[in-house]
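Below: start_37.txt (compact mmCIF, C-alpha atoms)
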```txt
# COMPACT_ATOMS: atom_id res chain seq x y z
CA MET A 1 -5.67 -36.20 -21.27
CA PHE A 2 -3.42 -33.81 -19.34
CA ALA A 3 -3.96 -31.67 -16.27
CA LYS A 4 -4.85 -28.11 -17.26
CA ALA A 5 -3.76 -26.29 -14.11
CA PHE A 6 -0.15 -25.80 -15.17
CA THR A 7 2.14 -22.89 -15.98
CA PRO A 8 5.33 -23.74 -17.92
CA ASN A 9 8.47 -22.42 -16.22
CA PHE A 10 10.42 -22.72 -19.46
CA PHE A 11 10.40 -20.90 -22.78
CA LEU A 12 12.21 -20.57 -26.11
CA GLU A 13 14.48 -17.56 -26.45
CA LEU A 14 15.70 -16.29 -29.81
CA ALA A 15 19.33 -15.17 -29.70
CA ASN A 16 21.36 -14.54 -32.87
CA ASN A 17 18.59 -16.18 -34.90
CA GLU A 18 18.94 -19.40 -32.89
CA LEU A 19 16.37 -20.77 -30.46
CA GLN A 20 17.49 -21.70 -26.97
CA LEU A 21 15.49 -23.35 -24.21
CA ARG A 22 15.40 -21.27 -21.04
CA ILE A 23 14.21 -22.63 -17.71
CA GLY A 24 12.85 -20.25 -15.07
CA THR A 25 13.87 -16.58 -15.14
CA PRO A 26 14.27 -14.31 -17.05
CA SER A 27 10.72 -14.01 -18.31
CA PRO A 28 9.61 -14.57 -21.90
CA ALA A 29 9.26 -11.59 -24.23
CA PRO A 30 6.53 -9.03 -23.46
CA PRO A 31 3.25 -9.24 -25.43
CA LYS A 32 3.45 -7.88 -28.96
CA ASN A 33 -0.32 -7.58 -29.44
CA LYS A 34 -0.04 -9.32 -32.79
CA ARG A 35 -1.59 -12.65 -33.70
CA ILE A 36 0.12 -15.14 -36.00
CA LEU A 37 -1.89 -17.78 -37.83
CA VAL A 38 -0.02 -21.09 -38.09
CA VAL A 39 -1.52 -23.47 -40.65
CA GLY A 40 -0.41 -27.03 -39.90
CA GLY A 41 -0.60 -29.15 -36.75
CA GLY A 42 2.49 -31.31 -37.26
CA VAL A 43 5.83 -30.95 -35.50
CA SER A 44 7.00 -28.07 -37.74
CA GLY A 45 3.88 -25.97 -37.26
CA MET A 46 3.50 -26.69 -33.55
CA THR A 47 7.17 -25.95 -32.80
CA SER A 48 6.91 -22.68 -34.72
CA ALA A 49 3.81 -21.84 -32.67
CA TRP A 50 5.73 -22.49 -29.44
CA ALA A 51 8.58 -20.21 -30.53
CA LEU A 52 6.18 -17.45 -31.56
CA LEU A 53 4.26 -17.65 -28.30
CA ASP A 54 7.47 -17.28 -26.31
CA GLN A 55 8.42 -14.23 -28.37
CA GLY A 56 5.24 -12.52 -27.22
CA TYR A 57 2.93 -13.16 -30.17
CA ASP A 58 -0.60 -14.49 -29.87
CA VAL A 59 -0.95 -17.66 -31.92
CA THR A 60 -3.80 -19.50 -33.61
CA VAL A 61 -2.97 -22.97 -34.93
CA LEU A 62 -5.24 -24.27 -37.66
CA SER A 63 -5.24 -27.91 -38.77
CA ASP A 64 -7.70 -30.50 -39.97
CA ARG A 65 -6.14 -33.14 -37.67
CA TRP A 66 -4.28 -33.29 -34.38
CA ALA A 67 -2.00 -35.82 -32.73
CA ASP A 68 -4.01 -38.80 -31.52
CA ARG A 69 -3.11 -42.42 -30.75
CA LYS A 70 -6.09 -43.79 -32.67
CA ASN A 71 -5.65 -41.73 -35.82
CA ARG A 72 -1.99 -40.75 -35.99
CA ILE A 73 -0.77 -37.77 -37.98
CA THR A 74 2.39 -37.96 -40.10
CA SER A 75 4.61 -36.58 -37.33
CA GLN A 76 3.65 -39.46 -35.06
CA ILE A 77 4.79 -42.01 -37.65
CA ALA A 78 8.27 -40.49 -38.03
CA GLY A 79 11.39 -42.39 -36.99
CA ALA A 80 12.25 -39.29 -34.90
CA LEU A 81 15.90 -40.11 -34.25
CA TRP A 82 17.93 -36.90 -34.47
CA GLU A 83 20.48 -37.05 -37.27
CA TYR A 84 23.03 -34.64 -38.63
CA PRO A 85 22.04 -33.92 -42.26
CA PRO A 86 21.67 -35.64 -44.60
CA ALA A 87 19.65 -38.24 -42.72
CA VAL A 88 19.54 -42.03 -43.13
CA CYS A 89 16.62 -41.87 -45.58
CA GLY A 90 18.62 -39.52 -47.82
CA LYS A 91 17.05 -37.18 -50.39
CA HIS A 92 18.37 -33.93 -48.82
CA THR A 93 20.88 -33.07 -51.53
CA ASP A 94 20.15 -29.46 -52.50
CA ALA A 95 23.19 -27.39 -51.51
CA ILE A 96 21.24 -24.39 -50.19
CA SER A 97 18.78 -26.50 -48.23
CA LEU A 98 21.48 -28.81 -46.86
CA CYS A 99 23.57 -25.89 -45.67
CA HIS A 100 20.63 -24.36 -43.80
CA SER A 101 19.56 -27.77 -42.49
CA LYS A 102 22.87 -28.32 -40.72
CA GLY A 103 22.36 -25.19 -38.67
CA TRP A 104 18.72 -26.02 -38.02
CA ALA A 105 19.66 -29.53 -36.88
CA MET A 106 22.23 -28.22 -34.42
CA THR A 107 19.73 -25.80 -32.91
CA SER A 108 17.29 -28.69 -32.49
CA TYR A 109 19.97 -30.90 -30.93
CA LYS A 110 20.66 -28.30 -28.25
CA VAL A 111 17.00 -27.78 -27.39
CA PHE A 112 16.17 -31.50 -27.33
CA GLU A 113 19.20 -32.16 -25.13
CA GLU A 114 18.03 -29.48 -22.71
CA LEU A 115 14.57 -31.01 -22.66
CA ALA A 116 15.93 -34.49 -22.01
CA THR A 117 18.60 -33.64 -19.44
CA LYS A 118 17.31 -30.60 -17.58
CA LEU A 119 13.55 -30.38 -17.91
CA GLY A 120 12.64 -33.98 -17.15
CA GLU A 121 8.94 -34.62 -16.74
CA THR A 122 6.73 -31.54 -16.84
CA ASP A 123 4.63 -31.52 -13.68
CA GLY A 124 4.63 -35.32 -13.84
CA ILE A 125 3.95 -35.34 -17.59
CA ASP A 126 6.57 -37.01 -19.78
CA HIS A 127 7.68 -35.19 -22.94
CA GLY A 128 9.03 -38.37 -24.53
CA VAL A 129 12.53 -37.06 -25.36
CA ARG A 130 15.52 -39.23 -24.44
CA MET A 131 19.23 -39.05 -25.25
CA ARG A 132 20.25 -42.41 -26.73
CA VAL A 133 23.40 -43.79 -28.27
CA ALA A 134 22.88 -44.02 -32.04
CA ASN A 135 25.13 -46.31 -34.08
CA PHE A 136 25.60 -45.94 -37.84
CA PHE A 137 27.09 -48.79 -39.85
CA PHE A 138 28.67 -48.91 -43.32
CA ASP A 139 29.54 -51.71 -45.72
CA THR A 140 32.80 -50.00 -46.70
CA PRO A 141 35.33 -47.92 -44.75
CA LEU A 142 34.20 -44.30 -44.59
CA GLU A 143 37.20 -43.37 -46.72
CA ALA A 144 35.53 -45.19 -49.63
CA ARG A 145 32.44 -42.98 -49.34
CA GLN A 146 33.54 -39.38 -49.50
CA ASP A 147 30.13 -37.99 -48.57
CA GLN A 148 29.93 -40.08 -45.41
CA LEU A 149 33.54 -39.31 -44.45
CA GLU A 150 32.90 -35.59 -44.81
CA LYS A 151 29.74 -35.94 -42.74
CA TRP A 152 31.64 -37.72 -39.97
CA GLU A 153 34.39 -35.09 -40.01
CA GLU A 154 31.78 -32.34 -39.72
CA ILE A 155 30.18 -34.15 -36.79
CA CYS A 156 33.59 -34.42 -35.10
CA SER A 157 34.07 -30.67 -35.53
CA LEU A 158 30.90 -30.24 -33.46
CA SER A 159 32.04 -32.41 -30.55
CA HIS A 160 31.57 -29.45 -28.21
CA THR A 161 27.82 -29.94 -28.77
CA ILE A 162 27.31 -33.48 -30.08
CA LYS A 163 28.29 -35.89 -27.33
CA GLY A 164 29.50 -39.49 -27.24
CA LEU A 165 31.43 -39.56 -30.51
CA LYS A 166 33.29 -42.74 -31.37
CA ARG A 167 34.34 -44.32 -34.65
CA SER A 168 35.45 -47.96 -34.62
CA ALA A 169 34.81 -51.14 -36.57
CA ASP A 170 34.70 -52.82 -33.16
CA LEU A 171 31.17 -51.43 -32.76
CA ILE A 172 30.02 -54.02 -35.29
CA GLN A 173 31.00 -56.94 -33.09
CA HIS A 174 30.06 -55.11 -29.91
CA HIS A 175 26.46 -54.91 -31.11
CA SER A 176 26.47 -58.51 -32.35
CA VAL A 177 25.80 -57.42 -35.91
CA ASP A 178 25.60 -60.52 -38.07
CA PRO A 179 28.83 -60.86 -40.14
CA LYS A 180 26.65 -61.73 -43.14
CA ALA A 181 25.42 -58.11 -43.13
CA GLY A 182 28.87 -57.19 -44.48
CA MET A 183 29.49 -54.14 -42.30
CA LYS A 184 33.05 -52.76 -42.35
CA ASP A 185 32.93 -49.47 -40.45
CA ALA A 186 30.80 -47.72 -37.83
CA TYR A 187 30.50 -44.69 -35.62
CA GLN A 188 28.23 -43.66 -32.76
CA LEU A 189 26.99 -40.50 -31.12
CA LEU A 190 24.55 -39.47 -28.42
CA SER A 191 21.34 -38.47 -30.16
CA PRO A 192 17.90 -37.19 -29.14
CA ALA A 193 15.31 -39.91 -29.74
CA ILE A 194 11.65 -38.95 -29.50
CA ASP A 195 8.61 -41.02 -28.60
CA THR A 196 6.42 -39.29 -31.15
CA ASP A 197 3.04 -40.19 -29.62
CA VAL A 198 4.08 -38.78 -26.26
CA TYR A 199 5.91 -35.74 -27.61
CA THR A 200 3.32 -34.51 -30.11
CA MET A 201 0.55 -34.65 -27.52
CA TRP A 202 2.83 -33.02 -24.93
CA LEU A 203 3.52 -30.27 -27.45
CA HIS A 204 -0.22 -29.67 -27.87
CA PHE A 205 -0.54 -29.52 -24.08
CA ILE A 206 2.30 -27.02 -23.73
CA LEU A 207 0.86 -24.74 -26.40
CA SER A 208 -2.50 -24.87 -24.66
CA CYS A 209 -0.85 -23.83 -21.39
CA LYS A 210 0.91 -20.98 -23.16
CA GLY A 211 -2.37 -19.66 -24.53
CA ALA A 212 -2.52 -20.90 -28.12
CA THR A 213 -5.89 -21.10 -29.84
CA PHE A 214 -6.65 -24.24 -31.86
CA VAL A 215 -9.02 -24.33 -34.83
CA THR A 216 -9.95 -27.59 -36.54
CA GLU A 217 -10.43 -26.77 -40.19
CA ARG A 218 -9.04 -27.68 -43.58
CA ILE A 219 -8.05 -24.92 -45.98
CA LYS A 220 -8.20 -25.56 -49.70
CA GLY A 221 -6.83 -23.60 -52.62
CA SER A 222 -4.03 -21.08 -52.85
CA LEU A 223 -3.02 -19.39 -49.58
CA LEU A 224 -1.79 -16.39 -51.50
CA ASP A 225 -5.16 -15.92 -53.20
CA GLN A 226 -6.98 -15.98 -49.86
CA GLU A 227 -4.28 -14.46 -47.67
CA GLU A 228 -6.07 -11.22 -46.88
CA GLU A 229 -9.34 -13.04 -46.12
CA LEU A 230 -7.59 -15.47 -43.76
CA LEU A 231 -5.64 -12.75 -41.96
CA SER A 232 -8.84 -10.75 -41.54
CA ARG A 233 -10.93 -13.73 -40.38
CA PHE A 234 -8.41 -14.73 -37.71
CA ASP A 235 -7.33 -11.18 -36.89
CA ALA A 236 -3.77 -12.21 -37.74
CA TYR A 237 -0.71 -10.18 -38.68
CA ALA A 238 1.08 -12.96 -40.58
CA LEU A 239 0.50 -16.54 -41.71
CA ILE A 240 2.86 -19.52 -41.35
CA ASN A 241 2.40 -22.30 -43.89
CA ALA A 242 3.62 -25.52 -42.25
CA THR A 243 1.34 -27.88 -44.15
CA GLY A 244 3.76 -30.53 -45.43
CA LEU A 245 2.42 -32.28 -48.51
CA SER A 246 -0.55 -29.92 -48.66
CA ALA A 247 1.87 -27.21 -49.79
CA LEU A 248 1.49 -28.80 -53.21
CA GLU A 249 -1.93 -27.12 -53.30
CA LEU A 250 -1.71 -24.35 -50.71
CA ALA A 251 1.63 -22.94 -51.88
CA GLY A 252 1.18 -23.98 -55.50
CA ASP A 253 4.52 -25.80 -55.23
CA LYS A 254 4.48 -28.45 -57.94
CA THR A 255 7.81 -29.88 -56.76
CA VAL A 256 6.26 -31.24 -53.54
CA TYR A 257 5.99 -35.02 -53.50
CA PRO A 258 5.57 -37.86 -50.99
CA LEU A 259 8.27 -40.30 -49.95
CA ARG A 260 6.31 -43.22 -48.52
CA GLY A 261 7.73 -44.76 -45.39
CA ALA A 262 6.75 -47.35 -42.81
CA ILE A 263 7.87 -48.65 -39.44
CA ILE A 264 7.15 -51.94 -37.74
CA ARG A 265 6.51 -51.84 -34.00
CA VAL A 266 7.71 -54.81 -31.91
CA LYS A 267 7.95 -55.49 -28.20
CA ASN A 268 11.31 -54.66 -26.66
CA ASP A 269 10.89 -56.08 -23.14
CA GLY A 270 13.78 -58.54 -23.20
CA THR A 271 11.67 -61.69 -23.15
CA LYS A 272 12.05 -62.86 -26.77
CA PHE A 273 15.47 -61.33 -27.56
CA PRO A 274 18.01 -59.23 -25.65
CA LYS A 275 16.52 -55.81 -25.03
CA LEU A 276 17.97 -53.07 -27.24
CA THR A 277 18.68 -49.69 -25.68
CA GLU A 278 20.70 -48.14 -28.52
CA ALA A 279 19.75 -47.21 -32.07
CA LEU A 280 21.25 -49.15 -34.98
CA ALA A 281 21.12 -47.78 -38.53
CA VAL A 282 22.51 -48.37 -41.99
CA THR A 283 22.37 -45.27 -44.15
CA HIS A 284 20.52 -45.51 -47.46
CA ASP A 285 23.08 -45.32 -50.28
CA GLU A 286 21.36 -43.96 -53.38
CA THR A 287 24.17 -45.21 -55.61
CA TYR A 288 22.64 -48.67 -55.24
CA GLY A 289 19.49 -47.45 -57.00
CA THR A 290 17.24 -49.05 -54.37
CA ASP A 291 16.20 -48.48 -50.77
CA GLU A 292 16.67 -52.16 -49.91
CA ASP A 293 19.99 -51.45 -48.17
CA MET A 294 18.44 -49.37 -45.39
CA VAL A 295 18.24 -50.59 -41.78
CA PHE A 296 16.66 -48.56 -39.00
CA ILE A 297 16.30 -50.14 -35.54
CA VAL A 298 15.43 -47.65 -32.80
CA PRO A 299 13.93 -47.93 -29.30
CA ARG A 300 10.76 -45.83 -29.42
CA ASN A 301 10.47 -45.96 -25.65
CA ASP A 302 11.33 -48.41 -22.88
CA ASN A 303 9.06 -51.13 -24.26
CA ILE A 304 8.71 -50.64 -28.02
CA LEU A 305 11.28 -51.02 -30.80
CA ILE A 306 10.66 -49.63 -34.26
CA LEU A 307 12.05 -51.27 -37.39
CA GLY A 308 12.49 -49.60 -40.77
CA GLY A 309 12.77 -48.45 -43.35
CA ILE A 310 11.65 -47.79 -46.88
CA THR A 311 11.81 -44.70 -49.09
CA GLU A 312 9.29 -44.84 -51.94
CA PRO A 313 9.05 -41.56 -53.89
CA ASN A 314 5.75 -40.42 -55.43
CA VAL A 315 3.74 -43.24 -53.88
CA TRP A 316 0.56 -41.84 -52.31
CA ASP A 317 -1.20 -45.06 -51.29
CA LEU A 318 -1.26 -46.09 -47.64
CA ASN A 319 -2.17 -49.72 -48.19
CA LEU A 320 0.79 -51.55 -46.66
CA THR A 321 0.52 -54.44 -44.20
CA VAL A 322 3.13 -56.57 -42.45
CA ASP A 323 2.55 -59.13 -45.22
CA THR A 324 3.23 -56.73 -48.09
CA PRO A 325 6.42 -57.93 -49.86
CA VAL A 326 8.34 -54.67 -49.35
CA ILE A 327 7.51 -54.71 -45.62
CA LYS A 328 8.44 -58.37 -45.29
CA ARG A 329 11.82 -57.60 -46.88
CA MET A 330 12.25 -54.63 -44.54
CA ARG A 331 11.64 -56.87 -41.54
CA GLU A 332 14.00 -59.52 -42.94
CA ARG A 333 16.78 -56.93 -43.30
CA CYS A 334 16.42 -55.95 -39.68
CA ASN A 335 16.18 -59.58 -38.54
CA ALA A 336 19.33 -60.46 -40.49
CA PHE A 337 21.19 -57.50 -39.03
CA VAL A 338 20.71 -58.40 -35.36
CA PRO A 339 20.45 -62.12 -34.51
CA GLY A 340 17.45 -62.87 -32.31
CA LEU A 341 15.37 -60.02 -33.64
CA GLU A 342 13.36 -62.49 -35.71
CA ASN A 343 11.82 -63.64 -32.43
CA ALA A 344 10.41 -60.20 -31.62
CA GLU A 345 6.64 -60.09 -31.24
CA TYR A 346 4.52 -57.36 -32.77
CA ASP A 347 3.24 -54.58 -30.53
CA ASP A 348 -0.23 -55.40 -29.21
CA GLU A 349 -1.56 -51.94 -30.11
CA THR A 350 -0.35 -51.74 -33.71
CA ASP A 351 2.14 -53.73 -35.73
CA LEU A 352 2.74 -51.31 -38.61
CA LEU A 353 2.62 -47.56 -39.10
CA GLN A 354 2.92 -45.93 -42.52
CA GLY A 355 3.01 -42.37 -43.74
CA LEU A 356 4.12 -39.96 -46.43
CA ARG A 357 7.25 -37.91 -45.79
CA PRO A 358 6.72 -34.42 -47.29
CA PHE A 359 9.60 -33.76 -49.70
CA ARG A 360 10.10 -31.18 -52.44
CA GLY A 361 12.47 -30.77 -55.36
CA SER A 362 14.77 -28.27 -53.65
CA ASN A 363 14.27 -29.89 -50.25
CA VAL A 364 13.39 -27.76 -47.23
CA ARG A 365 11.73 -24.40 -47.75
CA VAL A 366 11.72 -21.89 -44.91
CA GLU A 367 11.27 -18.47 -46.45
CA ARG A 368 8.76 -15.70 -47.06
CA GLU A 369 6.38 -15.76 -49.99
CA THR A 370 8.02 -13.67 -52.70
CA ALA A 371 4.96 -13.27 -54.94
CA PRO A 372 3.11 -10.02 -54.18
CA ARG A 373 -0.48 -9.72 -53.05
CA LYS A 374 -3.16 -8.69 -55.50
CA ASP A 375 -2.63 -5.06 -54.53
CA GLY A 376 1.12 -5.31 -55.14
CA SER A 377 2.13 -5.20 -51.46
CA TYR A 378 4.44 -7.73 -49.82
CA SER A 379 2.82 -10.97 -48.77
CA ARG A 380 2.89 -11.85 -45.08
CA ILE A 381 3.01 -15.60 -45.69
CA ILE A 382 6.01 -17.51 -44.37
CA HIS A 383 6.57 -21.06 -45.63
CA SER A 384 8.06 -23.89 -43.57
CA TYR A 385 7.69 -27.22 -45.32
CA GLY A 386 9.61 -29.89 -47.23
CA GLN A 387 11.44 -31.22 -44.16
CA GLY A 388 10.81 -34.75 -45.42
CA GLY A 389 11.96 -37.39 -42.96
CA SER A 390 13.81 -34.82 -40.81
CA GLY A 391 10.91 -32.90 -39.31
CA PHE A 392 11.95 -33.49 -35.70
CA SER A 393 15.67 -33.06 -36.39
CA LEU A 394 15.06 -29.64 -37.95
CA SER A 395 12.02 -28.50 -35.95
CA PHE A 396 13.51 -25.97 -33.52
CA GLY A 397 15.98 -24.60 -36.05
CA CYS A 398 13.24 -23.99 -38.61
CA ALA A 399 11.05 -22.43 -35.91
CA GLY A 400 13.82 -19.96 -35.07
CA THR A 401 14.03 -18.94 -38.72
CA VAL A 402 10.24 -18.53 -38.84
CA VAL A 403 10.40 -16.10 -35.92
CA SER A 404 13.20 -14.16 -37.62
CA LEU A 405 11.14 -13.92 -40.81
CA VAL A 406 8.15 -12.57 -38.88
CA GLN A 407 10.47 -9.92 -37.47
CA GLU A 408 11.59 -9.11 -41.02
CA ILE A 409 7.98 -8.46 -41.97
CA GLU A 410 7.61 -6.18 -38.94
CA ALA A 411 10.69 -4.28 -40.11
CA SER A 412 9.14 -3.84 -43.59
CA LYS A 413 11.99 -5.67 -45.27
CA PRO A 414 11.33 -7.12 -48.73
CA PRO A 415 11.05 -10.93 -49.00
CA ALA A 416 13.94 -12.95 -50.41
CA LYS A 417 14.59 -16.53 -51.42
CA MET A 418 16.75 -18.82 -49.31
CA GLU A 419 20.36 -18.34 -50.33
CA LEU A 420 23.57 -20.21 -49.69
CA VAL A 421 25.42 -17.03 -48.74
CA ASN A 422 23.03 -16.35 -45.86
CA ALA A 423 23.12 -19.89 -44.49
CA VAL A 424 25.15 -20.86 -41.45
CA CYS A 425 26.98 -24.03 -42.47
CA TYR A 426 28.29 -25.95 -39.49
```
Final structure tokens representation of the file:
Amino acid sequence: MFAKAFTPNFFLELANNELQLRIGTPSPAPPKNKRILVVGGGVSGMTSAWALLDQGYDVTVLSDRWADRKNRITSQIAGALWEYPPAVCGKHTDAISLCHSKGWAMTSYKVFEELATKLGETDGIDHGVRMRVANFFFDTPLEARQDQLEKWEEICSLSHTIKGLKRSADLIQHHSVDPKAGMKDAYQLLSPAIDTDVYTMWLHFILSCKGATFVTERIKGSLLDQEEELLSRFDAYALINATGLSALELAGDKTVYPLRGAIIRVKNDGTKFPKLTEALAVTHDETYGTDEDMVFIVPRNDNILILGGITEPNVWDLNLTVDTPVIKRMRERCNAFVPGLENAEYDDETDLLQGLRPFRGSNVRVERETAPRKDGSYSRIIHSYGQGGSGFSLSFGCAGTVVSLVQEIEASKPPAKMELVNAVCY
């Protein structure tokens, strides 16, 4: 798939608990002669593996599936438009998690921007990250929705990092949004947008070049119960649990649940309707008691447009088609939002992708296992799951915290739960 004779001239550096992308010199951290076992081959696990490798650890990544165009993993089905929390699909409402997530999202923004603007193609291999204008529309002035107004004000306070900020109702007409959609306010920003097929396979390639070991295997049962056996079998110092929905079983977390989502893929070549180069989104407002207000129209790459979305909690079935009523309504919402979009033809490769966003009751969990081992000693398991529909937006920030938690274990510090007081709220 990719050329193997390649040495990355870039690495992730951890400074003040925040990851930064470095290109060229200075060199990555010296070898630590410790192996970390990462369980989970999605964007959270693979990004954590990258960060650990660049801090000098040896890394084994274990997963039962890997990114592939024929049998896509959940990360490949994501909308993958960077958003400042909480995201369009909502659900991130826990105060502790939301506070941490804002810092994680900003770390990810900086790294993705560096990838898009400075790294370019890697030895002729595209990473799939682009900076695109993202427009967010509202059916009331922001002043009528305190949560959205506060979010916009926080984004404005970060204008030194987040580029292209503009708030104006004129954006509605500028983007030819149908007046029948009832939009009254809008703002835009420059956002990382990821072609998930390209990026996830590029990530696998980069980890291979950096020396990661990949093991295709599915683990069942409690990780804590088999921690010592797993660490011994893989000669590992610590274990990272980045297993998404599987944390329901592996971490014994009964609050983990799926939020079913789907995206339609249509051609965006300008032949059937004016080509879209910017993202258009209407945030899901949970006060309506339904997800049928959500619009998500995003260029996946130069030729494909993705249309969403739906948020169906506790639905495990993946039996949707373009003719399923909820998908037909989703398409109709997008068609009604932008005139001409009803003429868009389905992608020749696949017309619909569906997956299960991995949510949990208290939202994102990035912390050490607090339950002791059987012998009473501290566990060396670090959890990173529950990112839901924000896996890409939070990926580098969460990975930086994972590295910091490994360093805590090395320093023999006791484990602690995520706390609001320790979070960096932007």
| 10 Å contact set for Pro141 in chain A, only C-alpha atoms, chain neighbours under 6 positions out, as a ChimeraX atom specification | /A:148-149,169,183-186
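CA of Phe112 in chain A sits 6.2 Å away from CA of Pro192 in chain A.
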Near Leu224 in chain A, counting only C-alpha atoms, which residues have an atom at most 10 Å away, once you skip same-chain residues fewer than 4 positions from it, shown as a CSV table (one decimal) with C-alpha atoms, keeping the file's coordinate frame?
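Dumped to around.csv:
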```csv
chain,number,residue,atom,x,y,z
A,228,GLU,CA,-6.1,-11.2,-46.9
A,229,GLU,CA,-9.3,-13.0,-46.1
A,230,LEU,CA,-7.6,-15.5,-43.8
A,250,LEU,CA,-1.7,-24.4,-50.7
A,251,ALA,CA,1.6,-22.9,-51.9
A,252,GLY,CA,1.2,-24.0,-55.5
A,369,GLU,CA,6.4,-15.8,-50.0
A,371,ALA,CA,5.0,-13.3,-54.9
A,372,PRO,CA,3.1,-10.0,-54.2
A,373,ARG,CA,-0.5,-9.7,-53.0
A,374,LYS,CA,-3.2,-8.7,-55.5
A,379,SER,CA,2.8,-11.0,-48.8
A,380,ARG,CA,2.9,-11.8,-45.1
A,381,ILE,CA,3.0,-15.6,-45.7
```
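If you look at CA of Asp347 in chain A and CA of Arg265 in chain A, they are 5.5 Å away from each other.
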| request: Could you give me, as a count of residues only, the residues that sit within 10 Å of (17.3, -59.6, -32.3) in the file's coordinates, counting all atoms listed in the file? | output: 20
| query | To one decimal place, how far is CA of Glu410 in chain A from CA of Asp375 in chain A in Å? | reply |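 Computed distance, CA of Glu410 in chain A to CA of Asp375 in chain A, equals 18.7 Å.
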Place N, CA and C atoms on range 165-176 of chain A and deliver the coordinates as a short mmCIF file (atom, residue, chain, number, x, y, z; two decimals), in the coordinates of the input.
```
data_model
loop_
_atom_site.label_atom_id
_atom_site.label_comp_id
_atom_site.auth_asym_id
_atom_site.auth_seq_id
_atom_site.Cartn_x
_atom_site.Cartn_y
_atom_site.Cartn_z
N LEU A 165 30.93 -39.19 -29.19
CA LEU A 165 31.43 -39.56 -30.51
C LEU A 165 32.48 -40.66 -30.42
N LYS A 166 32.33 -41.65 -31.29
CA LYS A 166 33.29 -42.74 -31.37
C LYS A 166 33.18 -43.39 -32.75
N ARG A 167 34.32 -43.58 -33.39
CA ARG A 167 34.34 -44.32 -34.65
C ARG A 167 35.22 -45.55 -34.48
N SER A 168 34.68 -46.72 -34.75
CA SER A 168 35.45 -47.96 -34.62
C SER A 168 34.69 -49.10 -35.28
N ALA A 169 35.42 -49.93 -36.02
CA ALA A 169 34.81 -51.14 -36.57
C ALA A 169 34.45 -52.12 -35.47
N ASP A 170 35.02 -51.94 -34.29
CA ASP A 170 34.70 -52.82 -33.16
C ASP A 170 33.23 -52.70 -32.74
N LEU A 171 32.59 -51.59 -33.10
CA LEU A 171 31.17 -51.43 -32.76
C LEU A 171 30.31 -52.49 -33.44
N ILE A 172 30.78 -53.00 -34.56
CA ILE A 172 30.02 -54.02 -35.29
C ILE A 172 29.90 -55.28 -34.44
N GLN A 173 31.02 -55.75 -33.94
CA GLN A 173 31.00 -56.94 -33.09
C GLN A 173 30.37 -56.66 -31.75
N HIS A 174 30.61 -55.48 -31.21
CA HIS A 174 30.06 -55.11 -29.91
C HIS A 174 28.54 -55.21 -29.89
N HIS A 175 27.91 -54.87 -31.01
CA HIS A 175 26.46 -54.91 -31.11
C HIS A 175 25.95 -56.21 -31.74
N SER A 176 26.84 -57.18 -31.85
CA SER A 176 26.47 -58.51 -32.35
C SER A 176 25.85 -58.45 -33.74
#
```
